[in-house]
Amino acid sequence: MKRVYVNEDVCLGCHLCEYECAFSTVKDRDDTGKINNMFKAFNRDVSPKSKIRIEELNGDNPEEKINFAVSCRHCETPYCVMGCITGALSQGEDGVIRINHDKCIGCRTCIVMCPYGCLVINNDKTMLKCELCTEHNETPACVKACPNRAIVYEERE
Amino acid sequence: MGKHTKYLIIGNSAAGIGAVEGIRIADPLGQILVISDEDYHTYSRPLISYWLEGKVADENIYYRDPDYYSSQDVQVKLGDKVLELNPSDKSVTLDTGEEIRFDKCLLATGSHPFVPPIKGKDTAKNATTFTKMEDALKADEIIKECELEGRKPKVIILGAGLIGLKACEAIYDQADEITILDLADRVMPSVFNKNASEVMEEFIKSKGINLLLQTSIDEILDKQVRLTNGETLDYDLLFLAVGTRPAVELAEGAGIETDRGIVVDPYQQTSEANIYAAGDCTLSFDISSQSVKNIAILPNAYIQGKYAGLNMAGQDVQTEELFPLNSMGFLGLHLITAGCYDGESIIVDDDGVYKEFFVKDNKLIGYIIIGTCERSGIYTHLIRKQTDLSEVDFDSLILEPTLSSFGKQDRFNKLSRPH
Ligand SMILES: Cc1cc2nc3c(=O)[nH]c(=O)nc-3n(C[C@H](O)[C@H](O)[C@H](O)COP(=O)(O)OP(=O)(O)OC[C@H]3O[C@@H](n4cnc5c(N)ncnc54)[C@H](O)[C@@H]3O)c2cc1C
């Protein structure tokens with residue numbers, strides 16, 4: 001399956017992927033994919049959360065500074081799904097791991113199970129995760145936003 | 001001649017469903033029959049407390065979608081109990097008298113609530129264990145009866161383990177007064193170490209709940225209990241939540257090897273060929289303590305079930321690494337535990353989050369976190385993979401779980417390769 005893969009050597013740490021990810025589930029958009037009403041999409045009190053996270057590693061000198069983006073790996077052995085106590089997490093036949101927010105009770109067992117730290121606690125205390133947001137786009141919003149191909153969406157062996 | 005099925009699964013909960021999903025990966029067509037004495041579509045056992053609390057709607061208690069059995073092409077018999085397993089002729093006998101033959105059978109029978117031999121327990125009014133949907137329904141009915149009388153129930157919970165505390169959380173807003181009793185000298189002794197127990201005890205008391213440790217019930221009277229300290233307490237609702245015991249009676253009756261849990265090999269096979277076991281009814285090898293034990297948690301049940309299913313369907317795969325882990329919310333306090341608590345203890349108390357790590361032979365073998373820690377699975381994976389800590393920057397990891405504390409090649413494997 002196609003997944004999001006990371007090239008940390010070219011990541012600028014600009015956080016654009018996080019920004020786009022936070023708004024990736026907004027459905028009210030024009031033909032070019034631009035959000036129609038940003039006032040409606042953005043709520044200052046409960047700002048939407050990103051499912052992708054930029055990590056920063058500061059070395060002793062500036063050249064050693066490393067950034068990279070982490071989001072769900074959609075693992076073949078999905079520890080989060082196997083551990084989910086409610087059945088809210090599931091893996092589709094397409095390999096994508098999705099969450100049913102009506103069923104999630106925020107017990108955080110998936111957080112304890114995930115080897116990469118890819119789940120995010122949403123404002124309502126249920127879990128958020130990358131679902132590749134490909135229903136509306138061919139490419140996940142984070143990858144589309146990356147100016148330097150530090151994350152790519154492709155098939156790898 | 002009775003009925004025949006290729007795969008027979010006894011138990012319709014996490015381990016049984018894991019097995020269905022394991023079998024279907026390897027054998028999309030083979031006939032599967034699931035039998036359970038609980039007459040419900042597969043539901044999430046831990047959710048009974050959330051349901052009783054009113055936080056989970058009736059339709060969301062189910063572990064899988066309503067059309068699950070048909071979509072997986074699984075036959076079910078719900079409400080029937082298996083009374084006997086006969087390995088020699090590969091058959092079972094049900095309480096209806098029906099006999100069913102199988103090629104491969106999985107024991108996913110879970111656990112039974114354990115009630116100590118307290119005088120009066122069999123005739124006790126308004127008392128229930130707390131492991132099944134029926135129990136939650138019964139408790140709900142008692143609460144509603146009190147409501148009709150215009151008052152909130154007085155509640156006594158015998159057992160300060162996970163199940164007792166979950167019952168407590170469920171009725172916290174619906175009860176007038178709650179008393180938790182336990183014979184042990186601290187709460188959740190099988191899950192927490194002393195430090196974590198103390199934090200939980202303080203928290204329980206701060207919520208106005210009465211906690212009486214080293215105290216149990218001598219006798220249950222008419223909606224009243226006499227305690228081991230001689231005092232008597234009235235109640236409207238009594239939870240008997242002392243603990244659970246692996247359901248091994250079918251296996252024992254069949255001459256399968258058990259030892260306070262069904263003994264299985266790394267492929268989930270029992271001492272009998274063609275008979276497998278998974279979940280709360282089994283013993284597993286705990287890689288964190290390097291010992292064989294009963295690890296009665298849902299992730300373990302599902303994982304064992306899935307691998308049992310794969311092997312029943314002819315694959316030859318060992319089960320994932322297993323060890324205890326728990327993520328528990330209690331009235332807003334979050335506690336995470338994983339592995340075992342031997343070895344050197346390293347405490348990081350920072351920003352309202354308490355973390356304790358346990359290191360042995362330069363490997364992480366356990367941890368406890370009280371408070372919110374979003375990426376703690378990174379720690380869990382160190383236990384799971386028994387990673388040598390010289391390969392990571394452990395000093396920075398214990399402050400914050402990040403992938404930047406791993407080497408570049410390790411990161412490449414994690415983030416730039418399929419797995
Ligand atoms: C209140 C509560 C809260 C919990 N919270 C958590 C939690 O937060 N995290 C966690 O990891 N775990 C939790 N657990 C534990 C978790 O529910 C179990 O580990 C899990 O359900 C085990 O699954 P299982 O399939 O092995 O067995 P079970 O869920 O016990 O299912 C076994 C089934 O088999 C049936 N059965 C048994 N014998 C027969 C027979 N002879 N014939 C027919 N049917 C039979 C039983 O009736 C039952 O339906 C909790 C448990 C309880 C009770």
# chains A, B, ... in the order shown; residues from 1 in each chain; ligands from 1
$ interface_residues --of "chain B" --to "chain A" --cutoff "8 Å" --atoms "only C-alpha atoms" --output "ChimeraX atom specification"
/B:44,46-47,56,60-64,298-300,302-303,325-329,336,374-381,401-404,412,414-419
$ write_last_selection --atoms "N, CA and C atoms" --output "tab-separated table (two decimals), in the first residue's frame"
chain	number	residue	atom	x	y	z
B	44	SER	N	-17.59	-5.36	24.20
B	44	SER	CA	-16.34	-5.07	24.90
B	44	SER	C	-16.58	-5.15	26.41
B	46	PRO	N	-14.63	-4.44	29.01
B	46	PRO	CA	-14.30	-3.25	29.81
B	46	PRO	C	-15.36	-2.14	29.70
B	47	LEU	N	-16.17	-2.16	28.65
B	47	LEU	CA	-17.14	-1.08	28.49
B	47	LEU	C	-18.35	-1.19	29.42
B	56	VAL	N	-21.45	5.35	27.61
B	56	VAL	CA	-21.46	4.61	26.35
B	56	VAL	C	-22.89	4.16	26.06
B	60	ASN	N	-23.07	1.28	21.26
B	60	ASN	CA	-21.61	1.40	21.16
B	60	ASN	C	-20.85	0.46	22.08
B	61	ILE	N	-21.56	-0.43	22.75
B	61	ILE	CA	-20.86	-1.35	23.64
B	61	ILE	C	-20.30	-2.53	22.85
B	62	TYR	N	-20.73	-2.65	21.62
B	62	TYR	CA	-20.32	-3.82	20.84
B	62	TYR	C	-18.89	-3.69	20.34
B	63	TYR	N	-18.18	-4.82	20.38
B	63	TYR	CA	-16.76	-4.86	20.03
B	63	TYR	C	-16.57	-4.84	18.51
B	64	ARG	N	-17.60	-5.30	17.80
B	64	ARG	CA	-17.57	-5.29	16.34
B	64	ARG	C	-18.94	-4.87	15.81
B	298	LEU	N	-7.11	-7.25	27.83
B	298	LEU	CA	-7.75	-7.41	26.53
B	298	LEU	C	-6.77	-7.46	25.35
B	299	PRO	N	-5.75	-6.59	25.30
B	299	PRO	CA	-4.83	-6.67	24.16
B	299	PRO	C	-4.19	-8.06	24.04
B	300	ASN	N	-3.83	-8.62	25.17
B	300	ASN	CA	-3.24	-9.95	25.20
B	300	ASN	C	-4.21	-11.00	24.65
B	302	TYR	N	-6.73	-10.57	22.56
B	302	TYR	CA	-6.90	-10.43	21.11
B	302	TYR	C	-5.68	-10.98	20.36
B	303	ILE	N	-4.50	-10.59	20.82
B	303	ILE	CA	-3.27	-11.00	20.13
B	303	ILE	C	-3.13	-12.52	20.15
B	325	LEU	N	0.21	-4.95	30.35
B	325	LEU	CA	0.17	-3.50	30.19
B	325	LEU	C	-1.24	-3.02	30.44
B	326	ASN	N	-1.37	-1.82	30.93
B	326	ASN	CA	-2.66	-1.32	31.32
B	326	ASN	C	-2.70	0.19	31.20
B	327	SER	N	-3.79	0.70	30.65
B	327	SER	CA	-3.98	2.14	30.64
B	327	SER	C	-5.30	2.39	31.32
B	328	MET	N	-5.25	3.04	32.44
B	328	MET	CA	-6.45	3.14	33.24
B	328	MET	C	-6.80	4.58	33.57
B	329	GLY	N	-8.03	4.94	33.29
B	329	GLY	CA	-8.51	6.24	33.72
B	329	GLY	C	-9.40	6.02	34.92
B	336	ILE	N	-0.69	4.64	33.60
B	336	ILE	CA	-0.25	3.67	32.61
B	336	ILE	C	0.79	2.79	33.26
B	374	GLU	N	1.69	11.39	26.09
B	374	GLU	CA	1.07	11.02	24.81
B	374	GLU	C	1.77	9.92	24.03
B	375	ARG	N	3.07	9.78	24.12
B	375	ARG	CA	3.73	8.83	23.21
B	375	ARG	C	4.38	7.67	23.97
B	376	SER	N	3.75	7.24	25.06
B	376	SER	CA	4.41	6.24	25.91
B	376	SER	C	4.61	4.89	25.22
B	377	GLY	N	3.90	4.65	24.11
B	377	GLY	CA	4.09	3.40	23.38
B	377	GLY	C	5.53	3.23	22.92
B	378	ILE	N	6.24	4.36	22.78
B	378	ILE	CA	7.67	4.29	22.43
B	378	ILE	C	8.44	3.55	23.54
B	379	TYR	N	8.04	3.79	24.79
B	379	TYR	CA	8.65	3.03	25.91
B	379	TYR	C	8.25	1.55	25.82
B	380	THR	N	6.93	1.34	25.57
B	380	THR	CA	6.44	-0.05	25.52
B	380	THR	C	7.24	-0.86	24.51
B	381	HIS	N	7.55	-0.22	23.38
B	381	HIS	CA	8.25	-0.96	22.32
B	381	HIS	C	9.66	-1.34	22.72
B	401	PRO	N	9.26	10.74	25.51
B	401	PRO	CA	9.39	9.68	24.52
B	401	PRO	C	9.39	10.24	23.10
B	402	THR	N	10.52	10.20	22.42
B	402	THR	CA	10.62	10.70	21.05
B	402	THR	C	11.41	9.72	20.21
B	403	LEU	N	11.22	9.79	18.91
B	403	LEU	CA	12.01	8.94	18.02
B	403	LEU	C	13.38	9.56	17.76
B	404	SER	N	13.55	10.85	18.09
B	404	SER	CA	14.86	11.46	17.89
B	404	SER	C	15.89	10.92	18.88
B	412	PHE	N	15.39	5.55	10.34
B	412	PHE	CA	15.13	5.26	8.93
B	412	PHE	C	14.25	4.02	8.83
B	414	LYS	N	12.23	2.87	11.01
B	414	LYS	CA	10.89	3.11	11.55
B	414	LYS	C	10.04	3.97	10.62
B	415	LEU	N	10.66	4.98	9.99
B	415	LEU	CA	9.86	6.00	9.29
B	415	LEU	C	9.97	5.96	7.77
B	416	SER	N	10.94	5.23	7.26
B	416	SER	CA	11.16	5.29	5.82
B	416	SER	C	11.06	3.93	5.15
B	417	ARG	N	10.67	2.93	5.89
B	417	ARG	CA	10.49	1.60	5.31
B	417	ARG	C	9.11	1.07	5.66
B	418	PRO	N	8.56	0.23	4.78
B	418	PRO	CA	7.26	-0.38	5.12
B	418	PRO	C	7.41	-1.41	6.23
B	419	HIS	N	6.42	-1.54	7.06
B	419	HIS	CA	6.42	-2.63	8.04
B	419	HIS	C	5.01	-2.90	8.50
$ residues_near_ligand --ligand "ligand 1" --cutoff "6 Å" --atoms "only C-alpha atoms and all ligand atoms" --output "ChimeraX atom specification"
/B:10-16,35-38,45-46,49,80-83,108-111,130-131,163,166,279-280,296-299,301,326,328
$ atom_distance --atom1 "atom CA of Thr282 of chain B" --atom2 "atom CA of Leu8 of chain B"
17.4 Å
$ atom_distance --atom1 "atom CA of Ala196 of chain B" --atom2 "atom CA of Glu344 of chain B"
16.3 Å
$ atom_distance --atom1 "atom CA of Lys355 of chain B" --atom2 "atom CA of Leu389 of chain B"
17.4 Å
$ select_by_dssp --residues "chain A" --states "helix (DSSP H, G or I)" --output "number ranges by chain"
A: 8-10, 16-22, 38-41, 62-64, 79-83, 109-113, 141-145
$ closest_residue --among "B:Ala278, B:Val359, B:Met133, B:Cys373" --to "Gln386 of chain B" --atoms "only C-alpha atoms"
B:Val359
